[in-house]
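Visitor: This one is protein-v7.txt, compact mmCIF, C-alpha atoms.
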# COMPACT_ATOMS: atom_id res chain seq x y z
CA MET A 713 105.63 106.27 76.44
CA GLN A 714 106.68 106.48 80.07
CA PHE A 715 107.22 103.50 82.39
CA ASP A 716 107.69 103.81 86.15
CA ILE A 717 109.12 100.59 87.59
CA PHE A 718 108.72 99.88 91.31
CA THR A 719 111.08 97.12 92.39
CA LEU A 720 113.38 95.88 95.13
CA PHE A 721 116.07 95.10 92.54
CA PRO A 722 116.50 98.04 90.13
CA GLU A 723 119.94 96.76 89.11
CA VAL A 724 118.24 94.04 87.06
CA PHE A 725 116.95 96.51 84.45
CA PRO A 726 119.77 98.67 82.97
CA PRO A 727 121.63 95.95 81.00
CA TYR A 728 118.58 95.15 78.91
CA LEU A 729 117.14 98.67 78.75
CA ASN A 730 120.48 100.02 77.52
CA SER A 731 120.68 97.64 74.57
CA SER A 732 119.37 97.50 71.01
CA ILE A 733 115.87 98.78 70.22
CA LEU A 734 115.04 99.89 73.76
CA LYS A 735 118.22 101.95 73.98
CA ARG A 736 117.50 103.68 70.65
CA ALA A 737 113.87 104.26 71.63
CA GLN A 738 115.04 106.12 74.74
CA GLN A 739 117.69 108.08 72.86
CA ASN A 740 115.13 109.15 70.26
CA GLY A 741 112.55 110.22 72.81
CA TYR A 742 109.97 107.50 72.19
CA LEU A 743 110.49 105.73 75.51
CA GLY A 744 111.17 106.83 79.07
CA VAL A 745 111.87 104.47 81.96
CA GLU A 746 112.25 105.50 85.59
CA LEU A 747 113.39 102.96 88.20
CA HIS A 748 112.15 103.34 91.76
CA ASN A 749 113.71 101.28 94.54
CA ILE A 750 110.94 100.49 97.02
CA ARG A 751 113.52 100.22 99.81
CA GLU A 752 114.02 103.99 99.65
CA TRP A 753 110.54 104.46 101.13
CA THR A 754 111.17 102.34 104.23
CA ARG A 755 111.56 104.09 107.58
CA ASP A 756 113.74 101.70 109.56
CA LYS A 757 117.52 101.54 109.53
CA HIS A 758 117.55 98.08 107.94
CA HIS A 759 115.18 99.06 105.08
CA VAL A 760 112.87 96.12 105.73
CA THR A 761 110.26 95.60 103.01
CA ASP A 762 108.86 92.18 104.01
CA ASP A 763 107.49 90.35 107.03
CA THR A 764 106.10 86.94 108.03
CA PRO A 765 102.56 86.05 106.95
CA TYR A 766 99.67 86.24 109.37
CA GLY A 767 98.29 82.77 110.00
CA GLY A 768 101.64 81.11 109.49
CA GLY A 769 103.09 79.47 106.41
CA GLY A 770 106.32 79.64 104.47
CA GLY A 771 107.87 82.61 102.75
CA MET A 772 107.78 86.32 103.40
CA ILE A 773 105.22 88.92 102.34
CA MET A 774 105.98 92.38 100.97
CA LYS A 775 104.74 95.04 103.41
CA PRO A 776 102.13 97.56 102.24
CA GLU A 777 103.63 100.75 103.73
CA PRO A 778 106.71 101.19 101.51
CA VAL A 779 104.86 100.12 98.37
CA PHE A 780 101.98 102.56 98.89
CA GLU A 781 104.33 105.39 99.83
CA ALA A 782 106.62 104.78 96.87
CA VAL A 783 103.81 104.74 94.32
CA GLU A 784 101.93 107.69 95.82
CA ASP A 785 105.07 109.78 96.25
CA VAL A 786 106.02 109.30 92.60
CA LEU A 787 102.58 109.24 90.96
CA GLY A 788 100.35 111.16 93.37
CA THR A 789 97.18 110.26 95.27
CA PRO A 790 95.35 108.78 93.51
CA PRO A 791 98.10 107.66 91.11
CA ALA A 792 98.07 109.45 87.78
CA CYS A 793 98.32 106.29 85.65
CA PRO A 794 97.43 102.57 85.71
CA ILE A 795 99.35 100.45 88.24
CA VAL A 796 100.14 97.04 86.76
CA LEU A 797 101.16 94.21 89.07
CA LEU A 798 103.24 91.46 87.43
CA THR A 799 101.88 88.25 88.93
CA PRO A 800 101.09 84.66 87.84
CA GLN A 801 97.55 85.33 89.06
CA GLY A 802 96.97 88.08 86.47
CA ARG A 803 95.36 87.98 83.05
CA LEU A 804 97.51 86.36 80.41
CA PHE A 805 99.73 88.73 78.45
CA THR A 806 99.00 88.49 74.73
CA GLN A 807 99.55 90.69 71.70
CA ASP A 808 96.00 92.02 72.09
CA VAL A 809 96.73 92.96 75.71
CA ALA A 810 99.98 94.61 74.60
CA GLN A 811 98.09 96.73 72.08
CA GLU A 812 95.55 97.66 74.76
CA LEU A 813 98.22 98.72 77.26
CA ALA A 814 100.21 100.59 74.59
CA ARG A 815 97.36 103.09 74.31
CA ASN A 816 98.47 104.55 77.64
CA ASP A 817 100.99 107.39 77.68
CA ARG A 818 102.27 106.23 81.08
CA LEU A 819 102.24 102.95 82.98
CA ALA A 820 103.53 101.94 86.40
CA LEU A 821 104.82 98.38 86.76
CA LEU A 822 104.96 96.85 90.23
CA CYS A 823 107.35 93.92 90.64
CA GLY A 824 106.49 91.50 93.40
CA ARG A 825 109.02 89.35 95.28
CA TYR A 826 109.14 86.66 97.94
CA GLU A 827 105.88 84.78 98.60
CA GLY A 828 103.82 87.72 97.39
CA LEU A 829 102.44 91.10 98.38
CA ASP A 830 100.13 92.10 101.18
CA GLU A 831 96.63 91.74 99.69
CA ARG A 832 95.81 95.36 100.51
CA ILE A 833 98.28 96.41 97.80
CA ARG A 834 96.43 94.33 95.24
CA THR A 835 93.00 95.48 96.45
CA HIS A 836 93.52 99.19 97.01
CA LEU A 837 96.48 100.25 94.85
CA VAL A 838 96.88 97.97 91.82
CA THR A 839 94.57 98.62 88.85
CA ASP A 840 95.58 95.71 86.60
CA GLU A 841 97.35 92.36 86.98
CA ILE A 842 99.36 90.72 84.19
CA SER A 843 100.84 87.23 83.92
CA ILE A 844 103.32 86.24 81.21
CA GLY A 845 102.44 82.56 81.52
CA ASP A 846 101.40 79.71 83.74
CA TYR A 847 104.64 79.32 85.64
CA VAL A 848 106.31 80.96 88.63
CA LEU A 849 109.41 83.19 88.58
CA THR A 850 111.49 84.60 91.42
CA GLY A 851 110.05 88.07 90.94
CA GLY A 852 108.27 90.46 88.61
CA GLU A 853 111.37 92.04 87.10
CA LEU A 854 111.68 89.76 84.06
CA PRO A 855 107.95 90.01 83.26
CA ALA A 856 108.23 93.80 83.54
CA LEU A 857 111.04 93.82 80.97
CA ILE A 858 108.98 91.63 78.68
CA LEU A 859 106.07 94.04 78.97
CA ILE A 860 108.27 97.05 78.24
CA ASP A 861 109.85 95.34 75.23
CA ALA A 862 106.52 94.26 73.72
CA LEU A 863 104.85 97.65 74.21
CA THR A 864 107.82 99.65 72.96
CA ARG A 865 107.71 97.79 69.64
CA LEU A 866 104.17 99.14 69.17
CA ILE A 867 105.15 102.79 69.53
CA PRO A 868 105.04 104.39 66.05
CA GLY A 869 108.55 105.17 64.81
CA VAL A 870 110.45 102.86 67.17
CA LEU A 871 111.10 100.08 64.64
CA GLY A 872 111.84 102.34 61.68
CA ASP A 873 109.70 100.18 59.38
CA GLU A 874 106.15 101.44 59.97
CA ASN A 875 104.78 97.97 59.19
CA GLY A 876 107.38 96.10 61.23
CA ALA A 877 105.27 95.46 64.32
CA ALA A 878 102.18 94.70 62.27
CA ASN A 879 103.98 91.84 60.53
CA ASP A 880 105.24 90.17 63.71
CA SER A 881 103.89 86.82 64.85
CA HIS A 882 100.52 87.24 66.63
CA ALA A 883 100.13 90.88 65.55
CA SER A 884 97.99 89.82 62.58
CA GLY A 885 96.51 86.82 64.35
CA LEU A 886 98.90 84.48 62.53
CA LEU A 887 102.38 83.18 63.17
CA GLU A 888 104.99 84.85 61.00
CA GLY A 889 106.26 82.89 58.02
CA PRO A 890 109.91 82.12 57.16
CA HIS A 891 112.54 84.73 56.32
CA TYR A 892 115.66 84.45 54.16
CA THR A 893 118.71 86.62 53.47
CA ARG A 894 121.95 86.35 51.51
CA PRO A 895 123.51 84.14 50.28
CA PRO A 896 120.80 82.76 47.99
CA GLU A 897 122.37 79.30 48.23
CA PHE A 898 123.95 77.85 51.37
CA ARG A 899 125.21 74.27 51.64
CA GLY A 900 122.94 73.34 48.77
CA TRP A 901 119.85 74.89 50.32
CA GLU A 902 118.35 77.57 48.09
CA ILE A 903 115.88 80.27 48.98
CA PRO A 904 112.41 80.03 47.38
CA ALA A 905 112.53 81.31 43.83
CA VAL A 906 109.55 83.60 44.34
CA LEU A 907 111.60 85.79 46.70
CA ARG A 908 114.01 86.56 43.86
CA SER A 909 111.30 87.12 41.26
CA GLY A 910 110.84 90.85 41.82
CA ASP A 911 107.08 90.30 41.64
CA HIS A 912 105.83 92.08 44.78
CA ALA A 913 102.29 90.73 44.48
CA ARG A 914 103.53 87.13 44.26
CA VAL A 915 105.90 87.69 47.16
CA ALA A 916 103.06 89.12 49.29
CA GLN A 917 100.84 86.16 48.42
CA TRP A 918 103.64 83.68 49.21
CA ARG A 919 104.27 85.31 52.59
CA ARG A 920 100.59 85.23 53.47
CA GLU A 921 100.34 81.57 52.50
CA GLN A 922 103.46 80.70 54.48
CA ALA A 923 102.02 82.44 57.54
CA LEU A 924 98.81 80.46 57.13
CA LEU A 925 100.76 77.24 56.65
CA ARG A 926 102.94 77.76 59.72
CA THR A 927 99.95 78.68 61.85
CA PHE A 928 98.04 75.64 60.56
CA LYS A 929 100.92 73.33 61.49
CA ARG A 930 101.86 74.84 64.85
CA ARG A 931 98.86 76.73 66.26
CA PRO A 932 95.74 75.73 64.27
CA GLU A 933 93.41 77.06 66.97
CA MET A 934 94.54 80.59 66.04
CA LEU A 935 92.87 80.26 62.64
CA GLU A 936 89.48 80.13 64.34
CA LYS A 937 89.95 83.60 65.82
CA ILE A 938 90.81 85.67 62.74
CA GLU A 939 88.94 86.91 59.72
CA LEU A 940 89.97 84.92 56.64
CA SER A 941 89.68 86.13 53.07
CA ASP A 942 88.34 83.95 50.27
CA GLU A 943 91.94 83.48 49.11
CA ASP A 944 92.97 82.40 52.62
CA ARG A 945 90.14 79.87 52.75
CA ALA A 946 90.98 78.47 49.32
CA PHE A 947 94.61 77.98 50.37
CA LEU A 948 93.66 76.37 53.68
CA GLU A 949 91.37 73.94 51.88
CA THR A 950 94.42 72.64 50.01
CA LEU A 951 95.87 71.79 53.44
CA ASP A 952 92.72 69.84 54.35
CA TYR A 953 91.88 72.44 56.98
CA ARG A 954 88.23 72.10 58.08
CA LEU A 955 86.72 75.58 57.86
Would you mind writing the file out in structure tokens?
Guide:
Amino acid sequence: MQFDIFTLFPEVFPPYLNSSILKRAQQNGYLGVELHNIREWTRDKHHVTDDTPYGGGGGMIMKPEPVFEAVEDVLGTPPACPIVLLTPQGRLFTQDVAQELARNDRLALLCGRYEGLDERIRTHLVTDEISIGDYVLTGGELPALILIDALTRLIPGVLGDENGAANDSHASGLLEGPHYTRPPEFRGWEIPAVLRSGDHARVAQWRREQALLRTFKRRPEMLEKIELSDEDRAFLETLDYRL
């Protein structure tokens, strides 16, 4: 999968992109990331990318000319892939949205700054708008990294374990249950005996029940959105969950 990042601060990205899973994904050919500094498409000696808002008010607004020229120079006219603006006004980023976006071979991510972007960018260039939550950040760079991280995990082969992403919290519609590793006893706290039983069916059942239990305790509204088996329903009834 290819990402083209349009930003005023490309230096934000390399430390995270060159670490851990994202680094290996690039080395193994699963992921490509190109950083494009919008300032390189300005035409004045000071590389100005913002100006004061018409009608007055605080803050500065990103100018349309360098943004349009950067995107069209890199991706063509019209652009050859979706253009995603990272903005608190966008649709909320969820695991379902991640799976939807991951079906694209290439995505462009546009990182806003200052008070915002000239509305003509949003209206005539951007094809999708994504928010990572109901709060405001300094710019779109951190949300862009979050998007890249979440989508990269969904690329087959990236995690090694083919079921790894499917078992993550939210991927199945449930929160993920607890995990344990060695030692089996630590400060008097022992791991559940079922995990040492060698009975794969019992372990699978225990993990499913723990995911249901954790979701019931922390995010019960999620249980209303997923398809539950008869076994799931029987377990939830023991928790006094109203089906």
Visitor: Separation of atom CA of Glu888 of chain A and atom CA of Ala923 of chain A, in Å?
Guide: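 Going from atom CA of Glu888 of chain A over to atom CA of Ala923 of chain A, I get 5.2 Å.
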Visitor: Give me, as a ChimeraX atom specification, all polymer residues having an atom no more than 12 Å from segment 941-943 of chain A, counting all atoms listed in the file and skipping those fewer than 5 positions away in the same chain.
Guide: /A:917-918,920-921,924,935,948-950,955
Visitor: Which residues come within 12 Å of Arg815 of chain A, counting all atoms listed in the file, excluding same-chain residues fewer than 3 positions away, as a list in words?
Guide: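 Counting only the stated atoms, we get Met713, Gln714, Cys793, Pro794, Asp808, Val809, Ala810, Gln811, Glu812, Arg818, Leu819, Leu863, Thr864, Leu866, Ile867 and Pro868 of chain A.
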Visitor: Can you tell me how far atom CA of Tyr847 of chain A sits from atom CA of Tyr766 of chain A, in Å to one decimal?
Guide: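 That distance, rounded to one decimal, is 25.2 Å.
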Visitor: Can you tell me how far atom CA of Ser731 of chain A sits from atom CA of Phe805 of chain A, in Å to one decimal?
Guide: 23.1 Å
Visitor: If you count only C-alpha atoms, which residues fall within 10 Å of Tyr728 of chain A, apart from same-chain ones fewer than 6 positions away, as a list of chain:residue names?
Guide: A:Leu734, A:Lys735, A:Leu857, A:Asp861
Visitor: Using all atoms listed in the file for the distances, tell me which of A:Val870, A:Ile844, A:Leu720, A:Ile938 is nearest to Arg825 of chain A.
Guide: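 Under the stated criterion, the closest residue is A:Leu720.
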Visitor: Using all atoms listed in the file, pick whichever of A:Glu777, A:Glu723, A:Asp846, A:Asp762 has the shortest atom-to-atom distance to Leu747 of chain A.
Guide: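 Using all atoms listed in the file, Leu747 of chain A sits closest to A:Glu723.
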Visitor: Which residues come within 7 Å of Met774 of chain A, counting only C-alpha atoms, excluding same-chain residues fewer than 2 positions away, as number ranges by chain?
Guide: A: 761-763, 772, 776, 828-830
Visitor: Choose the residue, out of A:Leu804, A:Ala946, A:Ile833, A:Leu821, that has the smallest atom-to-atom separation from Glu781 of chain A; count all atoms listed in the file.
Guide: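 Of the candidates, the smallest distance to Glu781 of chain A is held by A:Ile833.
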Visitor: Find, counting only C-alpha atoms, the residue in A:Gly824, A:Gly910, A:Pro896, A:Pro765 that gets nearest to Val779 of chain A.
Guide: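 Residue with the minimum atom-to-atom distance to Val779 of chain A: A:Gly824.
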Visitor: Using all atoms listed in the file for the distances, tell me which of A:Ala782, A:Ala916, A:Leu907, A:Leu837 is nearest to His748 of chain A.
Guide: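 Nearest to His748 of chain A: A:Ala782.
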Visitor: For Asp716 of chain A, find every residue with an atom within 6 Å (counting only C-alpha atoms), except residues of its own chain fewer than 4 positions away, and show them as a list of chain:residue names.
Guide: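 Here the answer would be A:Val745, A:Glu746, A:Ala820.
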Visitor: Between A:Val796, A:Ile750, A:Cys823, A:Leu871, which one has atoms that come closest to Phe780 of chain A, using all atoms listed in the file?
Guide: A:Ile750
Visitor: Which centre and which edge lengths, in Å to one decimal, describe the axis-aligned box that holds all listed atoms of segment 882-898 of chain A after 8 Å is added on each side, as lines of an AutoDock Vina configuration file?
Guide:
center_x = 110.2
center_y = 84.4
center_z = 57.3
size_x = 43.4
size_y = 29.0
size_z = 34.6
